[in-house]
Structure formats: C-alpha cells, structure tokens
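work.cif, holding mmCIF, C-alpha atoms:
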data_coords
loop_
_atom_site.label_atom_id
_atom_site.label_comp_id
_atom_site.auth_asym_id
_atom_site.auth_seq_id
_atom_site.Cartn_x
_atom_site.Cartn_y
_atom_site.Cartn_z
CA MET A 1 102.42 10.07 77.53
CA ASN A 2 103.87 11.07 74.13
CA ILE A 3 101.30 11.29 71.32
CA LEU A 4 101.96 11.40 67.58
CA TYR A 5 98.97 13.29 66.17
CA VAL A 6 98.40 13.05 62.40
CA PRO A 7 95.56 15.01 60.72
CA SER A 8 94.68 14.36 57.07
CA TRP A 9 94.33 18.13 56.53
CA PHE A 10 94.98 21.15 58.69
CA ILE A 11 94.47 24.88 59.07
CA SER A 12 96.12 27.22 56.57
CA ARG A 13 96.18 30.94 55.89
CA LYS A 14 93.89 30.56 52.88
CA LYS A 15 91.49 28.24 54.72
CA PRO A 16 91.78 29.06 58.45
CA SER A 17 88.68 27.06 59.34
CA ASN A 18 89.80 23.95 57.43
CA GLY A 19 90.63 21.42 60.12
CA ILE A 20 90.28 23.95 62.96
CA TYR A 21 88.60 21.22 65.01
CA PHE A 22 91.74 19.05 64.62
CA TYR A 23 93.75 21.89 66.12
CA GLU A 24 91.27 22.47 68.96
CA GLN A 25 91.20 18.75 69.75
CA ALA A 26 95.00 18.62 69.78
CA LYS A 27 95.06 21.48 72.29
CA ALA A 28 92.57 19.60 74.46
CA ILE A 29 94.66 16.41 74.32
CA SER A 30 97.78 18.40 75.26
CA LYS A 31 96.18 19.07 78.66
CA PHE A 32 96.68 15.46 79.72
CA ALA A 33 99.56 14.32 77.45
CA ASP A 34 103.22 15.00 78.18
CA ASN A 35 103.89 15.89 74.55
CA ILE A 36 101.81 15.97 71.41
CA PHE A 37 103.63 15.98 68.05
CA ILE A 38 101.46 17.20 65.17
CA VAL A 39 102.70 15.94 61.80
CA TYR A 40 100.49 17.48 59.14
CA PRO A 41 100.27 18.25 55.40
CA LYS A 42 100.86 21.96 54.88
CA GLN A 43 98.99 23.82 52.15
CA LEU A 44 101.32 25.26 49.52
CA GLU A 45 100.79 29.04 49.69
CA LEU A 46 102.74 32.18 48.82
CA ASN A 47 102.50 33.37 52.41
CA PRO A 48 101.97 30.16 54.41
CA LEU A 49 100.70 30.09 57.96
CA LYS A 50 103.59 29.45 60.36
CA LEU A 51 102.57 27.62 63.51
CA LYS A 52 104.84 28.03 66.52
CA ASN A 53 105.31 25.35 69.14
CA GLU A 54 103.10 25.88 72.20
CA LYS A 55 104.34 24.47 75.51
CA ASN A 56 104.01 20.70 74.91
CA ILE A 57 102.54 20.99 71.38
CA HIS A 58 105.13 20.51 68.62
CA PHE A 59 104.40 21.11 64.92
CA TYR A 60 106.02 19.15 62.08
CA PRO A 61 104.62 20.31 58.72
CA PHE A 62 105.35 18.76 55.35
CA PRO A 63 104.26 19.99 51.89
CA LYS A 64 100.83 18.84 50.79
CA LEU A 65 101.50 17.17 47.43
CA HIS A 66 98.93 15.66 45.09
CA TYR A 67 101.54 13.81 43.05
CA LYS A 68 102.10 10.41 44.72
CA ARG A 69 100.58 11.90 47.86
CA THR A 70 100.26 8.62 49.78
CA PHE A 71 103.91 7.83 49.12
CA PHE A 72 105.10 11.24 50.31
CA PHE A 73 102.70 11.22 53.27
CA TYR A 74 104.36 8.02 54.47
CA VAL A 75 107.89 9.25 53.71
CA PHE A 76 107.50 12.45 55.72
CA LEU A 77 105.69 10.67 58.53
CA ASN A 78 108.44 8.08 58.78
CA HIS A 79 111.10 10.82 58.65
CA TYR A 80 109.55 12.80 61.46
CA ILE A 81 108.83 9.88 63.78
CA LYS A 82 112.52 8.93 63.69
CA LYS A 83 113.43 12.52 64.49
CA ILE A 84 110.87 12.74 67.33
CA ILE A 85 111.91 9.45 68.94
CA LYS A 86 115.56 10.45 68.83
CA LYS A 87 114.85 13.76 70.60
CA TYR A 88 111.95 12.91 72.93
CA GLY A 89 112.02 9.15 73.36
CA LYS A 90 109.23 6.60 73.01
CA ILE A 91 105.95 7.40 71.24
CA ASP A 92 103.14 5.85 73.29
CA LEU A 93 100.30 6.22 70.80
CA ILE A 94 99.47 7.47 67.30
CA HIS A 95 96.20 9.32 66.76
CA ALA A 96 95.26 9.85 63.11
CA GLN A 97 92.41 12.09 62.01
CA SER A 98 90.43 10.58 59.09
CA PHE A 99 91.33 7.45 57.13
CA PHE A 100 92.38 9.18 53.91
CA TRP A 101 95.25 9.61 54.18
CA ALA A 102 96.49 10.09 57.71
CA GLY A 103 94.83 6.91 58.97
CA VAL A 104 96.01 4.71 56.10
CA GLU A 105 99.64 5.84 56.28
CA SER A 106 99.70 5.94 60.09
CA ALA A 107 98.65 2.28 60.14
CA LYS A 108 101.84 1.41 58.24
CA ILE A 109 103.91 3.40 60.73
CA SER A 110 102.03 1.76 63.59
CA MET A 111 102.96 -1.70 62.33
CA LYS A 112 106.57 -0.76 61.62
CA TYR A 113 107.23 0.72 65.06
CA ASN A 114 104.73 -1.37 67.05
CA ILE A 115 102.85 1.66 68.34
CA PRO A 116 99.09 1.49 69.05
CA LEU A 117 96.92 3.49 66.65
CA ILE A 118 93.59 5.28 67.07
CA ILE A 119 91.83 6.64 63.99
CA THR A 120 89.04 9.20 64.31
CA GLU A 121 86.76 9.57 61.30
CA HIS A 122 84.88 12.79 60.42
CA HIS A 123 84.42 12.73 56.67
CA SER A 124 80.99 12.93 55.04
CA ARG A 125 82.12 10.69 52.16
CA PHE A 126 81.23 7.72 54.37
CA LEU A 127 77.81 9.18 55.10
CA VAL A 128 76.56 9.92 51.59
CA GLY A 129 78.25 7.64 49.08
CA LYS A 130 79.56 4.21 48.23
CA GLU A 131 83.29 3.57 48.26
CA LYS A 132 85.18 2.00 45.38
CA LEU A 133 86.20 -1.61 45.89
CA GLU A 134 89.91 -0.74 45.98
CA ASN A 135 89.25 1.84 48.71
CA ILE A 136 87.22 -0.66 50.72
CA LYS A 137 90.13 -3.11 50.69
CA VAL A 138 92.50 -0.37 51.86
CA LEU A 139 90.09 0.62 54.65
CA GLN A 140 89.60 -2.95 55.83
CA LYS A 141 93.35 -3.55 56.01
CA THR A 142 93.87 -0.25 57.83
CA ILE A 143 91.24 -1.18 60.42
CA GLU A 144 92.88 -4.59 60.93
CA ASN A 145 96.14 -2.80 61.74
CA SER A 146 94.57 -0.22 64.08
CA SER A 147 93.75 -0.53 67.77
CA LYS A 148 90.60 1.61 67.87
CA VAL A 149 88.41 3.50 65.40
CA VAL A 150 86.34 6.43 66.64
CA PHE A 151 83.47 8.11 64.80
CA VAL A 152 82.10 11.55 65.64
CA SER A 153 78.47 10.38 65.46
CA ASN A 154 76.41 7.21 65.49
CA ALA A 155 75.06 8.00 62.04
CA LEU A 156 78.58 8.10 60.60
CA LYS A 157 79.53 4.85 62.34
CA ASP A 158 76.41 3.02 61.14
CA SER A 159 76.82 4.27 57.58
CA PHE A 160 80.49 3.26 57.58
CA ILE A 161 79.66 -0.27 58.75
CA ALA A 162 76.94 -0.59 56.11
CA ASN A 163 79.16 0.63 53.27
CA ILE A 164 82.51 -0.92 54.18
CA PHE A 165 81.50 -4.14 55.94
CA HIS A 166 78.00 -4.51 54.48
CA ASP A 167 76.51 -4.63 58.02
CA GLN A 168 78.72 -7.55 59.08
CA ASN A 169 80.19 -7.45 62.60
CA TYR A 170 83.76 -7.90 61.39
CA GLN A 171 86.16 -5.69 63.39
CA VAL A 172 83.34 -3.51 64.77
CA SER A 173 84.39 -4.29 68.34
CA LYS A 174 87.11 -1.70 67.70
CA PHE A 175 84.52 0.98 66.92
CA SER A 176 83.19 3.64 69.27
CA VAL A 177 81.59 7.10 69.11
CA ILE A 178 83.05 10.25 70.67
CA PRO A 179 81.57 13.60 69.61
CA ASN A 180 83.60 16.61 68.57
CA LEU A 181 84.21 19.31 71.14
CA VAL A 182 83.25 22.89 71.79
CA PRO A 183 86.11 24.65 73.66
CA ASP A 184 85.21 25.38 77.29
CA ASP A 185 85.98 29.05 76.73
CA PHE A 186 83.22 29.20 74.10
CA PHE A 187 80.61 28.64 76.81
CA LYS A 188 81.47 32.01 78.35
CA ASN A 189 79.87 35.16 76.97
CA LEU A 190 82.22 37.56 75.21
CA ASN A 191 81.69 40.23 77.87
CA GLU A 192 82.89 37.74 80.52
CA LYS A 193 86.21 37.18 78.74
CA SER A 194 87.48 40.67 78.01
CA SER A 195 85.62 43.95 78.08
CA LYS A 196 88.00 45.35 75.43
CA ILE A 197 87.36 42.44 73.04
CA TYR A 198 83.64 42.73 73.61
CA ASP A 199 83.59 46.51 73.07
CA ASP A 200 85.61 46.19 69.85
CA ILE A 201 83.45 43.39 68.48
CA ASP A 202 80.24 45.12 69.59
CA LYS A 203 81.16 48.39 67.89
CA LYS A 204 82.36 46.67 64.72
CA PHE A 205 79.19 44.64 64.37
CA ILE A 206 76.62 47.27 65.21
CA ASP A 207 78.30 49.94 63.08
CA LYS A 208 79.47 47.90 60.11
CA LYS A 209 77.88 44.50 59.84
CA PHE A 210 75.10 43.25 62.05
CA LYS A 211 73.00 46.29 62.93
CA ILE A 212 71.03 43.94 65.16
CA ASP A 213 67.60 45.22 66.10
CA LYS A 214 67.03 43.45 69.39
CA SER A 215 63.33 44.33 69.34
CA LYS A 216 63.00 41.69 66.59
CA PHE A 217 63.10 37.91 66.93
CA ILE A 218 66.49 36.89 65.55
CA PHE A 219 66.96 33.65 63.62
CA SER A 220 70.52 32.90 62.55
CA THR A 221 72.43 30.33 60.56
CA ILE A 222 76.14 29.85 59.79
CA ALA A 223 77.58 27.62 57.08
CA ASN A 224 79.57 27.55 53.87
CA LEU A 225 77.26 28.96 51.22
CA LYS A 226 76.62 25.89 49.09
CA SER A 227 73.45 24.18 47.96
CA SER A 228 73.80 21.13 50.23
CA LYS A 229 73.50 23.38 53.30
CA GLY A 230 69.82 23.88 52.53
CA PHE A 231 69.57 27.66 52.26
CA ASP A 232 66.67 27.37 49.78
CA LEU A 233 64.68 25.37 52.31
CA VAL A 234 65.47 27.81 55.13
CA ILE A 235 64.60 30.98 53.18
CA ASP A 236 61.50 29.48 51.52
CA SER A 237 60.29 28.34 54.95
CA PHE A 238 61.09 31.70 56.55
CA TYR A 239 59.03 33.47 53.87
CA GLU A 240 56.20 30.94 54.16
CA ALA A 241 56.07 31.26 57.95
CA PHE A 242 56.22 35.02 58.38
CA CYS A 243 54.85 36.53 55.17
CA LYS A 244 51.57 34.64 55.38
CA THR A 245 51.18 35.49 59.07
CA LYS A 246 52.14 39.12 58.35
CA ASN A 247 54.94 39.06 60.92
CA LEU A 248 57.87 39.95 58.65
CA ASP A 249 58.37 43.25 60.47
CA LYS A 250 59.00 41.33 63.70
CA VAL A 251 61.66 38.83 62.55
CA VAL A 252 65.07 38.74 60.90
CA LEU A 253 67.26 35.94 59.52
CA LEU A 254 71.02 36.54 59.70
CA ILE A 255 73.26 34.32 57.54
CA GLY A 256 76.98 33.97 58.21
CA GLY A 257 79.37 32.48 55.66
CA GLU A 258 80.73 32.73 52.12
CA GLY A 259 80.63 30.38 49.17
CA SER A 260 79.68 29.62 45.59
CA TYR A 261 75.94 29.60 46.29
CA LYS A 262 75.86 33.23 47.45
CA SER A 263 74.40 34.64 44.21
CA SER A 264 71.55 32.10 44.28
CA ILE A 265 70.73 33.09 47.84
CA GLN A 266 70.78 36.77 46.88
CA SER A 267 68.41 36.06 43.98
CA LYS A 268 65.97 34.32 46.32
CA ILE A 269 66.12 37.24 48.77
CA GLU A 270 65.30 39.62 45.91
CA LYS A 271 62.53 37.35 44.61
CA TYR A 272 60.75 37.44 47.96
CA ASN A 273 61.64 41.11 48.62
CA LEU A 274 63.33 40.13 51.89
CA LYS A 275 66.34 42.47 51.78
CA ASN A 276 65.36 43.94 55.16
CA ASN A 277 64.67 40.55 56.72
CA VAL A 278 67.33 38.16 55.38
CA ILE A 279 70.81 39.61 55.73
CA LEU A 280 74.06 38.09 54.45
CA LEU A 281 76.90 38.86 56.88
CA GLY A 282 79.81 37.33 54.93
CA GLN A 283 82.60 35.28 56.43
CA LEU A 284 82.70 35.44 60.23
CA SER A 285 85.69 35.25 62.55
CA ARG A 286 85.59 33.03 65.62
CA GLN A 287 84.59 35.92 67.87
CA GLU A 288 82.03 37.12 65.35
CA VAL A 289 80.40 33.68 65.41
CA GLU A 290 80.18 33.97 69.18
CA TYR A 291 78.66 37.43 68.97
CA LEU A 292 76.04 36.32 66.47
CA LEU A 293 75.02 33.28 68.53
CA GLU A 294 74.85 35.29 71.75
CA ASN A 295 72.42 37.68 70.06
CA SER A 296 70.26 34.99 68.43
CA ASP A 297 66.89 33.75 69.64
CA CYS A 298 67.02 30.59 67.50
CA PHE A 299 69.63 28.91 65.30
CA VAL A 300 68.32 27.27 62.12
CA TYR A 301 70.01 24.69 59.89
CA GLY A 302 68.77 23.17 56.65
CA SER A 303 71.69 20.93 55.71
CA GLU A 304 71.16 17.73 53.73
CA TYR A 305 73.77 15.81 55.74
CA GLU A 306 76.31 16.35 58.52
CA THR A 307 78.64 13.87 60.16
CA PHE A 308 78.44 15.93 63.36
CA GLY A 309 77.44 19.59 62.99
CA VAL A 310 79.90 21.63 65.06
CA VAL A 311 78.02 24.89 64.58
CA LEU A 312 74.87 23.34 66.06
CA ALA A 313 76.88 22.27 69.11
CA GLU A 314 78.26 25.82 69.35
CA ALA A 315 74.73 27.25 69.30
CA LEU A 316 73.78 24.97 72.20
CA ALA A 317 76.92 26.08 74.05
CA LYS A 318 75.51 29.62 73.94
CA GLY A 319 72.13 28.39 75.20
CA VAL A 320 70.40 28.91 71.84
CA ALA A 321 67.63 26.51 70.81
CA VAL A 322 68.01 25.06 67.31
CA ILE A 323 65.85 23.97 64.42
CA THR A 324 67.55 21.48 62.12
CA THR A 325 66.70 19.04 59.39
CA ASP A 326 67.24 15.38 60.15
CA CYS A 327 70.75 15.56 58.69
CA LYS A 328 72.00 12.46 60.54
CA GLY A 329 74.97 13.38 62.77
CA PRO A 330 73.33 16.07 64.96
CA ILE A 331 70.46 13.81 66.07
CA ASP A 332 72.88 12.46 68.69
CA PHE A 333 72.60 15.69 70.68
CA ILE A 334 69.44 17.51 69.56
CA ASN A 335 66.35 16.61 71.61
CA GLU A 336 63.07 18.05 72.84
CA THR A 337 64.85 20.11 75.55
CA ASN A 338 67.09 22.06 73.15
CA GLY A 339 65.49 22.16 69.73
CA ILE A 340 63.34 20.74 66.97
CA ILE A 341 64.36 18.14 64.38
CA VAL A 342 62.41 18.52 61.14
CA LYS A 343 62.02 14.95 59.94
CA GLU A 344 61.24 15.67 56.29
CA ARG A 345 62.79 18.34 54.09
CA LYS A 346 59.49 20.07 53.36
CA ILE A 347 58.76 23.79 53.47
CA ASP A 348 55.55 23.40 55.47
CA GLU A 349 57.27 21.30 58.14
CA PHE A 350 60.24 23.63 58.48
CA SER A 351 58.04 26.75 58.50
CA ASN A 352 55.87 25.17 61.22
CA ALA A 353 58.99 24.66 63.32
CA LEU A 354 59.95 28.34 62.85
CA LEU A 355 56.48 29.45 63.94
CA ASN A 356 56.50 27.01 66.85
CA ILE A 357 59.62 28.57 68.37
CA TYR A 358 58.59 32.14 67.47
CA ASN A 359 55.18 31.72 69.12
CA ASN A 360 56.61 29.92 72.17
CA LYS A 361 59.55 32.13 73.05
CA ASN A 362 59.88 30.73 76.58
CA ARG A 363 59.63 27.09 75.57
CA PHE A 364 63.35 26.40 76.01
CA ASP A 365 65.47 27.01 79.11
CA LYS A 366 68.71 28.74 78.04
CA GLU A 367 70.71 27.60 81.07
CA LYS A 368 69.57 23.99 80.76
CA ILE A 369 70.58 24.00 77.09
CA LYS A 370 74.06 25.23 78.05
CA GLN A 371 74.33 22.69 80.86
CA PHE A 372 73.43 19.79 78.56
CA ALA A 373 75.96 21.02 75.99
CA PHE A 374 78.71 21.36 78.58
CA GLU A 375 78.10 17.88 80.00
CA ASN A 376 78.09 16.22 76.59
CA LEU A 377 79.91 18.39 74.03
CA SER A 378 82.46 20.46 75.93
CA GLU A 379 86.23 20.26 75.89
CA THR A 380 86.05 18.92 79.46
CA ALA A 381 83.81 16.03 78.38
CA PHE A 382 86.04 15.37 75.34
CA ILE A 383 89.19 15.21 77.48
CA GLU A 384 87.60 12.76 79.91
CA ARG A 385 86.55 10.42 77.09
CA TYR A 386 89.81 10.50 75.14
CA LYS A 387 92.04 10.24 78.21
CA LYS A 388 90.22 7.05 79.16
CA LEU A 389 90.43 5.70 75.57
CA TYR A 390 94.15 6.50 75.30
CA GLU A 391 94.96 4.77 78.59
CA GLN A 392 92.90 1.67 77.70
CA THR A 393 94.50 1.45 74.24
CA ILE A 394 98.06 1.73 75.55
CA ILE A 395 97.43 -0.89 78.27
CA GLN A 396 95.76 -3.34 75.87
CA ARG A 397 98.65 -3.10 73.41
#
Structure re-expressed in structure tokens:
Amino acid sequence: MNILYVPSWFISRKKPSNGIYFYEQAKAISKFADNIFIVYPKQLELNPLKLKNEKNIHFYPFPKLHYKRTFFFYVFLNHYIKKIIKKYGKIDLIHAQSFFWAGVESAKISMKYNIPLIITEHHSRFLVGKEKLENIKVLQKTIENSSKVVFVSNALKDSFIANIFHDQNYQVSKFSVIPNLVPDDFFKNLNEKSSKIYDDIDKKFIDKKFKIDKSKFIFSTIANLKSSKGFDLVIDSFYEAFCKTKNLDKVVLLIGGEGSYKSSIQSKIEKYNLKNNVILLGQLSRQEVEYLLENSDCFVYGSEYETFGVVLAEALAKGVAVITTDCKGPIDFINETNGIIVKERKIDEFSNALLNIYNNKNRFDKEKIKQFAFENLSETAFIERYKKLYEQTIIQR
C-alpha cells in the first residue's frame, strides 16, 4: 500500500510543535503501509529543518508561498506525484490533512489520477466561525470529489455540517470521526525508557526549572499562552479555591508554554501575590511535558474551544485526572472516570472542581485512566481505525 500524505502545514525549526501530530500520525501509518510519501509546504527559514527519509517514510518538501499559494500547492503536488509514481509505482490512496489547502488541492490531484482521497480535518475555524460563501462552495466541491472525510471529534463534525451544509444530510455519509493519537511510547514513564534520559531530565528540572515540591498537591496546565486558552479563569479559580480555604501553602499550579499573553498572566500572579504558587515554566520540550505530567496530581484546562485537545489526551495517557471547561472536542473522551467537565465558564464552578479533586485525592484510579486512554486514544487504536478505513476506501474505489 503506497500512500501520498499531504499536510496543510508541517513542523519547522521555528515552530517544532506546528503540525507535530501530522508527523506522529504519518509515522503510525507507516507501520502498516508499504510506503508513505509526505509532500508538505516547508516554512521559509534561514536555517530550515531538514527531514531525512526514515525507512518507508519519504519527505518531499516545497516552499510555503503566500503569493498564489493554491496554484503553487497544486503545481508542486502534481510535480511530486509524477516523480513518485515513476520511481515507486502506483499510489493507492491520498490522505490530506485539513481542507485548506492540502485537501482542496489533493482533490484535484485525486480526480486527475483517479486515486481515492481521504481528508482529515482538525482546524478550529470550523468550530468557532462562519465560512465565506466562496469558501463554502470550494469545500462542497472538494467533498464531492473525496472518498471519505474524517473529523477528530464529534463536535468538529457537527459544527462543520451546520456551517457548511446548514444541517442538511448532503454528502454526510462520507463523514466519520477518528480521534488524534498519543504515541504508544508516551504511555511509558520516563524512567522506564532510559535511565540516562530520566536522570538528565530530572536533574535539569529540579535544579533549573520545576523545583517540584512533592509534598504539595500539583495542578498543571500546558498550552500556548493566549487569552482563548482561559488562563484568567484557571488562575482566578485557583485563587478563589485555595485562598479562601487557606490552603495556598499546600498547592501549586505549574504552567507550561509561551505566548503573547504571558505578561497578562504575570500581572494576575502579582495581583494575587501567587508567585510561590503559580509558576510559569516557559516552553517545554516533549520530554519535559512528560516529566511535568508524570509529577502532576491533576491537569487543568480552561480553553474556550478545542477541536480535540491533544494535551488532555496526553494527561490521561499518564494516568492524570483532568479538569476542563466544556470546550467541545474533549468531551468525546473525558468522563466521570477520568475527570470533571465544567459546564459553564464561571469561577465558582471551576474552583469547586479544583476543590473537589483536591479534597478527594483517591477519587480517580490512575491505572484505569491510562487503560481507557490506551484503548481509545493510543497509536495502537489509531492504527487499527485508519488501517480499516484505508482498506475500505481502496476497495470501494
């Protein structure tokens, strides 16, 4: 099975986390495909990230241009598919990540070469806003020319149908939901993977960054520091919950991430005099994220909206119970056995959830949380679902 894999954006040196899930999903797909050819727009940088071919994963970058970008996206895609077919033979399926613009341009290639097309949609634009009429027409035509359309959550699928098809059933038989993945390796603790890695990370964090006091109850959160991620709600609720109950000396809130809202968060920390309780850790590496989650008692999330919420899935993979706002996508996998969904974005409701978990430390079973996450959100589960979808799509074509 030869797969042409086309992400709308991809990892770069400047933004290593941008599209990292596309890369992780491609690696998962490579475990059952003969070859996977990744044709992707490459960020223009002074020192660009150079991706080397890995076993049966082949990279074909092209410059990410904003001038006539749809035209050049198609031109490069068409150029590379000719090159790939000549060298490796028939392409069995095209898998595009997000409609704009990989999905739209891949649909044209699909029609030209008579290759079945799957489009997976992740983008929050379909969750929070209305599309322009010209975009709706482009989307409807793209769906007509695709074999299957996958959404990463039911909330995203329902919102898409409401906005693009105005709740009509046209073409929705092509639609399905498959969640994003957490790599199987992420479910292991760092000290299970490599004692050297664990020792290095442990020393770095305790000495330079985290200074985790394990006698305290540790709340954590990880996100880009921007207003829509709900840091005001989280910090206001944290203060409300533990200042009034005079338990501030027993809790800490660790925040991972960087972004434009950092100064506002710092001002709020100063306003409440929480410098010893709310700690900004800065941007975290992949292993640092793991370390933080493994040392957390509860993961909190105040986001206004999420199409999926990968970091929440990662918390569950480490067996950590979560508190989250009802931000749409994550309600597919958060339930009474692994966390609390705060239905309304109110300080009293969120603070009550914080106190609930703090006062009931044994309420959640860590191993059962991990087991649920592995069965539903792991790389293994992802591979099983997509392998079946690929085979059905190729046969039906």
- Task: Run the PyMOL selection byres ((chain A and resi 220) around 9) on the file and write out the hits as a VMD selection string.
- Result: chain A and resid 218 to 219 221 to 222 252 to 256 292 to 293 296 to 301
- Task: Considering all atoms listed in the file, return as a VMD selection string whatever protein or nucleic-acid residues lie within 10 Å of Ile11 of chain A, sequence-local ones (same chain, fewer than 3 positions apart) excluded.
- Result: chain A and resid 14 to 23 40 to 43 49 51
- Any chance you could work out the residue set of the PyMOL selection byres ((chain A and resi 90-93) around 10) here, as a ChimeraX atom specification? /A:1-5,35-37,81,84-89,94-96,110,113-118,147,390-391,393-394,397
- Query: Quick one: residues within 9 Å of segment 338-347 of chain A, only C-alpha atoms counted, chain neighbours fewer than 5 positions away excluded, as JSON, numbers by chain?
  - Reply: {"A": [233, 234, 236, 237, 238, 240, 298, 302, 304, 316, 319, 320, 321, 322, 323, 324, 325, 326, 327, 331, 333, 352, 353, 357, 364, 365, 366, 368, 369, 372]}
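Between Gly309 of chain A and the residues A:Leu281, A:Ala241, A:Ala155, A:Ala102, the shortest atom-to-atom distance, using all atoms listed in the file, involves A:Ala155.
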- Can you work out the spacing between atom CA of Ala26 of chain A and atom CA of Glu384 of chain A in Å, to one decimal? 13.8 Å
- List the residues selected by the PyMOL selection byres ((chain A and resi 216) around 7) in the file shown, writing them as a PyMOL selection string. chain A and resi 213-215+217-218+250-252
- Message: Report, in Å with one decimal, the straight-line distance from atom CA of Ser98 of chain A to atom CA of Phe231 of chain A.
- Response: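 It comes out at 27.8 Å.
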- One decimal, Å: what's the distance from atom CA of Asp34 of chain A over to atom CA of His58 of chain A, could you say?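 If I compute the distance from atom CA of Asp34 of chain A to atom CA of His58 of chain A, I get 11.2 Å.
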Report the centre and edge lengths, in Å to one decimal, of an axis-aligned box enclosing every atom of segment 280-293 of chain A listed in the file, padded by 6 Å on each side, as JSON.
{"center_x": 79.9, "center_y": 35.9, "center_z": 61.8, "size_x": 23.6, "size_y": 17.8, "size_z": 26.7}
- Compare A:Leu280, A:Leu127, A:Val39, A:Val310 by their minimum atom-to-atom distance to Lys328 of chain A, counting only C-alpha atoms, and give me the closest one. A:Leu127
- Which of these, A:Phe71, A:Tyr261, A:Phe308, A:Phe62, has the shortest distance to Asp232 of chain A once you count only C-alpha atoms?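 Nearest to Asp232 of chain A: A:Tyr261.
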